[in-house]
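Each remark here refers to the structure printed beneath this line.
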Amino acid sequence: MCSIIGIVGDSPVVHRLLDALGRLEYRGYDSAGISVTNPAINLGDTGNFLTWRSVGRVKELSKKIDLSCKSTVGIGHTRWATHGKPTERNAHPHTDGFLSVVHNGIIENFSELKTELIQSGIVFQSDTDTEVLVHLLSKYIKKARNLYEANSAAEATKSPDDIRRTILNDAIQNVLKKICGSFAFAALCSDFPETILAARSTSCPLAVGKGINEFIVCSDAFGMAGLSSELHYLDDYTYAIVSRRNLSVFGFGGEKASTRFYANPFKQESSKPEEQTHYMLKEIHEQPLVIQRLLDKVASEREIYDISSEVILDAINGLTLTACGTAFYACMIGRYFLQTVAGIRTDIELASEFQSAQISARDDNRPVLAVSQSGETADTIKALAYAKERGQKIFSIVNVPQSSLARMSHKVFYTHAGPEVGVATTKAFTAQVFVLLSMAIEFSKKNYVNFPSEALPSRDDFRKVVGYMTKTLSLDSQSIDISNSLFRHAKNILYIGRGLNYYMCLEGALKMKEISYIHAEGVAAGELKHGPIALIEDGTPVVVLAPFDDLFAKTMSNMQEVAARGAKVVLITDEIGMKHVDQSIVHSAVMLPHTHKLLTPLICAIPMQLFAYYTALARGCDIDKPRNLAKSVTVE
Ligand code: F6R
């Protein structure tokens, strides 16, 4: 959730740390901070970092910083609070003067460690778990240094670099033995002002990038866009000692670990949206392009979603899909595709519940397919790791290349949606739906099924859907009207639909609540009468999602039921559906192009996203960075 950046090089770092934090802000934005080694002061035990911290966004931090600072070594952080409120005293970096630390994740045993440290006389300055790291690292570095000095006669032949490595290795290994949890951190130390010490256990990603005469430590590749074209992802349970020209990586026990550099997929920063607009809107509008790109890939690189025979054999007895949030709704849609089109028995499991749910399925050796935009969601990583430990094959559908999920999977299917910055996912979702459908069709073609091939979307259907998505985007004036006149003042919005449309309702409601802060609920239309219909009072907006299909008539009956109880019905249907509707009970309608049933999620996603976007806009919400959320959820 939080993000970490560190640069150790020859050129001033302050501007570049701030720029990187701006890019990384999507991972957390409660507070931000930077520490640099102070070029004007001789470092020693007494305090010699320049540290600036601020509550709120990076732009608040930049107002406080001395931008003329020439320091060439520094670390920075944006925070998503776990332990301790989002105040300045809890903002990172945390420093005791000798050491400065930025941290992502959780030190699970921090409270025992804190008690021990307090008993040894240390006074804590913050409520964070991070601060135990500062005091432990300080303690063990000083201890290792003293030990070295006591033995210095015997070690006289060592070079300054060897001395630095000996002390830091010794200290960090001791600290890593004491702490547990899922974490990543980077630290600066006064004794070694041209070094960054970085470590990660599991779930919280950390990479080291090569720059020009410098190394960069960062929680993701996007943060390093424009700083580094090649990067090494630190494996689980490894640490790195990083200086200007040297990178040494070790396992937690001190064993040397190898490095493998990948091209940074984010060489150029993703272009910022125009003034007054948002990444979310930009990304909603990119969806036809993304689907076109995927179609082109499928046409030109036939094997892209071709399920190799190995995967087919693995999945023939069934498949479990797992993910969180919107990606989980993509899994619900994926299950529908895989079961109906390909005849594959498919279970779905929320990644955060995966382990508890699977524990009873002792002999389950079916493969697990995880779906994730970021590839860094801690719950999803944990679920896959658990399945892998049990000997299950693991596959993933991921957007961010070389992300943790991609690296741990036996096979990865990329969504190629490009960088997604808005916290609420949009284009990555439709890309996931496309990939799941393409996989299901591939399975089906391999003849494991009885789904009639004429019932599959044709090439022409696929080709047309891109145009339909573009056409749907052009209907945004209707979404603006409905959002301004109806949703904006609502306390409660229900979304109802059946089959695939029910899953889309869950997604539509999630989008609405996360960015507009209006309570919204997706309900299977047939379930209304079993409880949720009690929520309807005079004027409650109910979005009815019903493109014309085999379930249309039933959904229309449910629409009558809610209208009879005073709901203001917002109907999303298509040209054919519109001809069959009792318009007298509809408050507003959005008419979509009619398409093949299996392709409807790609189109229906758009009005749902636009409703949420324009409602949040009308309510003055912070659309790209909704409160309490972060783009990559790297804590469980
Ligand atoms: C909702 C949203 C989240 C993510 C979820 C999983 O708009 O963005 O619900 O879908 O946190 O994230 P990824 O896909 O990165 O694993």
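Scheme for the structure tokens: letters A, B, ... for chains in order shown; per-chain residue numbers from 1; ligand numbers from 1 in order shown.
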
Selection within 9 Å of ligand 1 by only C-alpha atoms and all ligand atoms, output as a PyMOL selection string: chain A and resi 323-329+370-381+398-400+422-426+428-429+507+510-511+514-515+629-633

Kindly save the residues from that selection, with N, CA and C atoms included, as an mmCIF file, in the first residue's frame.
data_model
loop_
_atom_site.group_PDB
_atom_site.id
_atom_site.type_symbol
_atom_site.label_atom_id
_atom_site.label_comp_id
_atom_site.auth_asym_id
_atom_site.auth_seq_id
_atom_site.Cartn_x
_atom_site.Cartn_y
_atom_site.Cartn_z
ATOM 1 N N ALA A 323 -9.143 -13.924 -6.647
ATOM 2 C CA ALA A 323 -8.785 -12.505 -6.832
ATOM 3 C C ALA A 323 -9.460 -11.695 -5.739
ATOM 4 N N CYS A 324 -9.269 -10.386 -5.778
ATOM 5 C CA CYS A 324 -9.907 -9.477 -4.818
ATOM 6 C C CYS A 324 -10.655 -8.379 -5.581
ATOM 7 N N GLY A 325 -11.657 -7.826 -4.926
ATOM 8 C CA GLY A 325 -12.342 -6.632 -5.425
ATOM 9 C C GLY A 325 -12.881 -6.819 -6.831
ATOM 10 N N THR A 326 -12.634 -5.826 -7.659
ATOM 11 C CA THR A 326 -13.126 -5.875 -9.037
ATOM 12 C C THR A 326 -12.600 -7.100 -9.778
ATOM 13 N N ALA A 327 -11.345 -7.445 -9.528
ATOM 14 C CA ALA A 327 -10.779 -8.612 -10.219
ATOM 15 C C ALA A 327 -11.557 -9.871 -9.832
ATOM 16 N N PHE A 328 -12.116 -9.883 -8.620
ATOM 17 C CA PHE A 328 -12.934 -11.031 -8.211
ATOM 18 C C PHE A 328 -14.231 -11.065 -9.028
ATOM 19 N N TYR A 329 -14.784 -9.885 -9.301
ATOM 20 C CA TYR A 329 -15.990 -9.877 -10.143
ATOM 21 C C TYR A 329 -15.644 -10.359 -11.553
ATOM 22 N N ALA A 370 -5.096 -16.941 -10.754
ATOM 23 C CA ALA A 370 -5.324 -15.676 -10.044
ATOM 24 C C ALA A 370 -5.494 -14.565 -11.067
ATOM 25 N N VAL A 371 -6.334 -13.596 -10.723
ATOM 26 C CA VAL A 371 -6.560 -12.455 -11.622
ATOM 27 C C VAL A 371 -6.219 -11.184 -10.858
ATOM 28 N N SER A 372 -5.395 -10.336 -11.453
ATOM 29 C CA SER A 372 -4.978 -9.127 -10.735
ATOM 30 C C SER A 372 -4.442 -8.079 -11.696
ATOM 31 N N GLN A 373 -4.831 -6.842 -11.488
ATOM 32 C CA GLN A 373 -4.250 -5.761 -12.284
ATOM 33 C C GLN A 373 -2.792 -5.581 -11.898
ATOM 34 N N SER A 374 -2.580 -5.310 -10.601
ATOM 35 C CA SER A 374 -1.239 -4.925 -10.146
ATOM 36 C C SER A 374 -0.273 -6.101 -10.091
ATOM 37 N N GLY A 375 -0.807 -7.287 -9.829
ATOM 38 C CA GLY A 375 0.071 -8.434 -9.586
ATOM 39 C C GLY A 375 0.779 -8.325 -8.252
ATOM 40 N N GLU A 376 0.343 -7.405 -7.407
ATOM 41 C CA GLU A 376 1.019 -7.197 -6.128
ATOM 42 C C GLU A 376 0.059 -7.281 -4.945
ATOM 43 N N THR A 377 -1.190 -7.655 -5.173
ATOM 44 C CA THR A 377 -2.163 -7.682 -4.081
ATOM 45 C C THR A 377 -1.792 -8.787 -3.090
ATOM 46 N N ALA A 378 -1.559 -8.391 -1.842
ATOM 47 C CA ALA A 378 -1.017 -9.335 -0.858
ATOM 48 C C ALA A 378 -1.921 -10.556 -0.685
ATOM 49 N N ASP A 379 -3.238 -10.332 -0.627
ATOM 50 C CA ASP A 379 -4.147 -11.468 -0.417
ATOM 51 C C ASP A 379 -4.032 -12.476 -1.565
ATOM 52 N N THR A 380 -3.909 -11.952 -2.777
ATOM 53 C CA THR A 380 -3.855 -12.839 -3.950
ATOM 54 C C THR A 380 -2.519 -13.592 -3.982
ATOM 55 N N ILE A 381 -1.462 -12.867 -3.620
ATOM 56 C CA ILE A 381 -0.145 -13.514 -3.587
ATOM 57 C C ILE A 381 -0.154 -14.646 -2.543
ATOM 58 N N VAL A 398 -2.568 -11.083 -15.377
ATOM 59 C CA VAL A 398 -1.969 -9.949 -14.688
ATOM 60 C C VAL A 398 -1.776 -8.815 -15.680
ATOM 61 N N ASN A 399 -1.849 -7.577 -15.179
ATOM 62 C CA ASN A 399 -1.588 -6.446 -16.078
ATOM 63 C C ASN A 399 -0.134 -5.981 -16.006
ATOM 64 N N VAL A 400 0.412 -5.904 -14.790
ATOM 65 C CA VAL A 400 1.754 -5.317 -14.663
ATOM 66 C C VAL A 400 2.822 -6.382 -14.928
ATOM 67 N N GLY A 422 -5.480 5.517 -11.972
ATOM 68 C CA GLY A 422 -6.667 5.788 -11.146
ATOM 69 C C GLY A 422 -6.856 4.630 -10.171
ATOM 70 N N VAL A 423 -7.161 4.947 -8.924
ATOM 71 C CA VAL A 423 -7.270 3.874 -7.933
ATOM 72 C C VAL A 423 -8.398 2.903 -8.293
ATOM 73 N N ALA A 424 -9.520 3.422 -8.774
ATOM 74 C CA ALA A 424 -10.611 2.532 -9.174
ATOM 75 C C ALA A 424 -10.270 1.922 -10.528
ATOM 76 N N THR A 425 -10.220 0.625 -10.574
ATOM 77 C CA THR A 425 -9.794 -0.023 -11.815
ATOM 78 C C THR A 425 -10.906 0.020 -12.868
ATOM 79 N N THR A 426 -10.550 0.239 -14.104
ATOM 80 C CA THR A 426 -11.540 0.310 -15.181
ATOM 81 C C THR A 426 -11.065 -0.523 -16.383
ATOM 82 N N ALA A 428 -8.396 -2.199 -16.818
ATOM 83 C CA ALA A 428 -7.814 -3.512 -16.490
ATOM 84 C C ALA A 428 -8.924 -4.543 -16.334
ATOM 85 N N PHE A 429 -10.069 -4.089 -15.814
ATOM 86 C CA PHE A 429 -11.198 -5.015 -15.623
ATOM 87 C C PHE A 429 -11.708 -5.527 -16.968
ATOM 88 N N GLU A 507 -20.005 -5.059 -9.690
ATOM 89 C CA GLU A 507 -18.894 -4.184 -10.082
ATOM 90 C C GLU A 507 -19.352 -2.718 -10.148
ATOM 91 N N LEU A 510 -19.662 -1.385 -6.661
ATOM 92 C CA LEU A 510 -18.346 -1.162 -6.030
ATOM 93 C C LEU A 510 -17.734 0.144 -6.553
ATOM 94 N N LYS A 511 -17.816 0.334 -7.872
ATOM 95 C CA LYS A 511 -17.259 1.573 -8.450
ATOM 96 C C LYS A 511 -17.915 2.778 -7.803
ATOM 97 N N GLU A 514 -16.876 3.237 -4.004
ATOM 98 C CA GLU A 514 -15.488 3.559 -3.680
ATOM 99 C C GLU A 514 -15.093 4.979 -4.081
ATOM 100 N N ILE A 515 -15.715 5.522 -5.120
ATOM 101 C CA ILE A 515 -15.261 6.876 -5.471
ATOM 102 C C ILE A 515 -16.252 7.983 -5.119
ATOM 103 N N LEU A 629 -8.303 4.437 0.447
ATOM 104 C CA LEU A 629 -7.946 3.368 -0.493
ATOM 105 C C LEU A 629 -6.539 3.558 -1.048
ATOM 106 N N ALA A 630 -6.037 2.526 -1.666
ATOM 107 C CA ALA A 630 -4.764 2.621 -2.384
ATOM 108 C C ALA A 630 -4.850 1.686 -3.571
ATOM 109 N N LYS A 631 -4.043 1.952 -4.561
ATOM 110 C CA LYS A 631 -4.136 1.162 -5.794
ATOM 111 C C LYS A 631 -3.663 -0.284 -5.593
ATOM 112 N N SER A 632 -2.487 -0.430 -4.971
ATOM 113 C CA SER A 632 -1.972 -1.781 -4.752
ATOM 114 C C SER A 632 -2.118 -2.107 -3.282
ATOM 115 N N VAL A 633 -2.840 -3.155 -2.981
ATOM 116 C CA VAL A 633 -3.116 -3.447 -1.573
ATOM 117 C C VAL A 633 -2.137 -4.507 -1.093
#

Residues of region 26-240 of chain A in strand (DSSP E or B), written as a VMD selection string: chain A and resid 31 to 37 49 to 55 73 to 79 94 to 95 99 to 105 183 to 189 192 to 200 207 to 211 214 to 218 230 to 233 238 to 240

Distance in Å - CA of Val466 (chain A) versus CA of Asn501 (chain A):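 If I compute the distance from CA of Val466 (chain A) to CA of Asn501 (chain A), I get 19.4 Å.
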
Test item: residues at most 12 Å from Glu389 (chain A), only C-alpha atoms, excluding those fewer than 4 positions along its chain, as a PyMOL selection string: chain A and resi 355+365+368+382-385+393-394+408

Could you name the residues that touch Tyr502 (chain A) at 8 Å or less, counting only C-alpha atoms, but leaving out those on the same chain fewer than 4 positions away, as a compact mmCIF listing (two decimals) with C-alpha atoms, in the first residue's frame?
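Resulting contents of around35.txt:
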# COMPACT_ATOMS: atom_id res chain seq x y z
CA ILE A 496 -30.00 -5.25 -10.07
CA GLY A 497 -29.44 -7.78 -12.83
CA ARG A 498 -29.37 -11.49 -13.57
CA LEU A 506 -21.65 -5.96 -8.18
CA GLY A 522 -25.36 -5.02 -6.36
CA VAL A 523 -28.20 -7.51 -5.99
CA ALA A 524 -29.17 -10.55 -8.06
CA ALA A 525 -32.56 -9.38 -9.29
CA LEU A 545 -28.95 -3.77 -15.99

Tell me, as a JSON list (two decimals) with N, CA, C and O atoms, in the first residue's frame, which residues lie within 8 Å of region 60-64 of chain A, counting only C-alpha atoms; anything in the same chain fewer than 3 positions away does not count.
[["chain", "number", "residue", "atom", "x", "y", "z"],
["A", 18, "LEU", "N", 10.79, 13.46, -5.38],
["A", 18, "LEU", "CA", 9.42, 14.02, -5.37],
["A", 18, "LEU", "C", 8.63, 13.56, -6.59],
["A", 18, "LEU", "O", 7.47, 13.19, -6.48],
["A", 32, "ALA", "N", 3.34, 11.88, 3.30],
["A", 32, "ALA", "CA", 4.52, 11.60, 2.47],
["A", 32, "ALA", "C", 5.75, 12.20, 3.14],
["A", 32, "ALA", "O", 5.62, 13.10, 3.99],
["A", 33, "GLY", "N", 6.92, 11.71, 2.76],
["A", 33, "GLY", "CA", 8.13, 12.27, 3.35],
["A", 33, "GLY", "C", 9.38, 11.86, 2.59],
["A", 33, "GLY", "O", 9.37, 10.93, 1.78],
["A", 52, "TRP", "N", 11.95, 15.75, 5.63],
["A", 52, "TRP", "CA", 10.73, 16.56, 5.53],
["A", 52, "TRP", "C", 9.55, 15.59, 5.48],
["A", 52, "TRP", "O", 9.60, 14.59, 4.74],
["A", 53, "ARG", "N", 8.52, 15.89, 6.24],
["A", 53, "ARG", "CA", 7.35, 15.02, 6.23],
["A", 53, "ARG", "C", 6.09, 15.88, 6.24],
["A", 53, "ARG", "O", 6.10, 16.99, 6.78],
["A", 54, "SER", "N", 5.06, 15.33, 5.66],
["A", 54, "SER", "CA", 3.85, 16.14, 5.63],
["A", 54, "SER", "C", 2.62, 15.24, 5.54],
["A", 54, "SER", "O", 2.66, 14.18, 4.91],
["A", 55, "VAL", "N", 1.55, 15.68, 6.17],
["A", 55, "VAL", "CA", 0.28, 14.96, 6.04],
["A", 55, "VAL", "C", -0.29, 15.31, 4.68],
["A", 55, "VAL", "O", -0.09, 16.42, 4.19],
["A", 56, "GLY", "N", -0.97, 14.36, 4.06],
["A", 56, "GLY", "CA", -1.63, 14.65, 2.79],
["A", 56, "GLY", "C", -0.76, 14.27, 1.61],
["A", 56, "GLY", "O", 0.09, 13.39, 1.70],
["A", 57, "ARG", "N", -0.98, 14.96, 0.54],
["A", 57, "ARG", "CA", -0.40, 14.58, -0.74],
["A", 57, "ARG", "C", 1.05, 15.03, -0.90],
["A", 57, "ARG", "O", 1.52, 15.91, -0.19]]

Between CA of Asp582 (chain A) and CA of Thr600 (chain A), distance in Å (one decimal): 22.0 Å

Picked from region 425-503 of chain A by DSSP as helix (DSSP H, G or I), as number ranges by chain: A: 427-445, 453-455, 459-473, 476-485, 487-489, 500-503

Between CA of Asn104 (chain A) and CA of Pro205 (chain A), distance in Å (one decimal): 8.9 Å

Within 7 Å of region 170-172 of chain A using only C-alpha atoms, minus same-chain residues under 5 positions, as a ChimeraX atom specification: /A:137,140-141,144

Could the residues in this selection be saved with N, CA, C and O atoms as an mmCIF file, in the first residue's frame?
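Saved to again_18.cif:
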data_model
loop_
_atom_site.group_PDB
_atom_site.id
_atom_site.type_symbol
_atom_site.label_atom_id
_atom_site.label_comp_id
_atom_site.auth_asym_id
_atom_site.auth_seq_id
_atom_site.Cartn_x
_atom_site.Cartn_y
_atom_site.Cartn_z
ATOM 1 N N LEU A 137 17.729 -1.403 13.880
ATOM 2 C CA LEU A 137 18.843 -1.259 12.934
ATOM 3 C C LEU A 137 19.952 -0.412 13.549
ATOM 4 O O LEU A 137 21.141 -0.735 13.448
ATOM 5 N N TYR A 140 21.814 -2.506 16.121
ATOM 6 C CA TYR A 140 22.691 -3.566 15.611
ATOM 7 C C TYR A 140 23.818 -3.025 14.737
ATOM 8 O O TYR A 140 24.890 -3.627 14.667
ATOM 9 N N ILE A 141 23.585 -1.914 14.067
ATOM 10 C CA ILE A 141 24.701 -1.345 13.277
ATOM 11 C C ILE A 141 25.771 -0.832 14.239
ATOM 12 O O ILE A 141 26.972 -1.079 14.059
ATOM 13 N N ALA A 144 27.608 -3.793 15.665
ATOM 14 C CA ALA A 144 28.523 -4.412 14.700
ATOM 15 C C ALA A 144 29.738 -3.514 14.490
ATOM 16 O O ALA A 144 30.875 -3.985 14.355
#

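With only C-alpha atoms as the atoms that count, the minimum distance from Phe215 (chain A) to the choices A:Ile106, A:Cys180, A:Val73, A:Val290 is reached by A:Val73.
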
Nearest residue to Cys331 (chain A) from the set A:Ala186, A:Leu500, A:Met280, A:Ala240 (distances using only C-alpha atoms):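 Using only C-alpha atoms, the shortest distance to Cys331 (chain A) belongs to A:Leu500.
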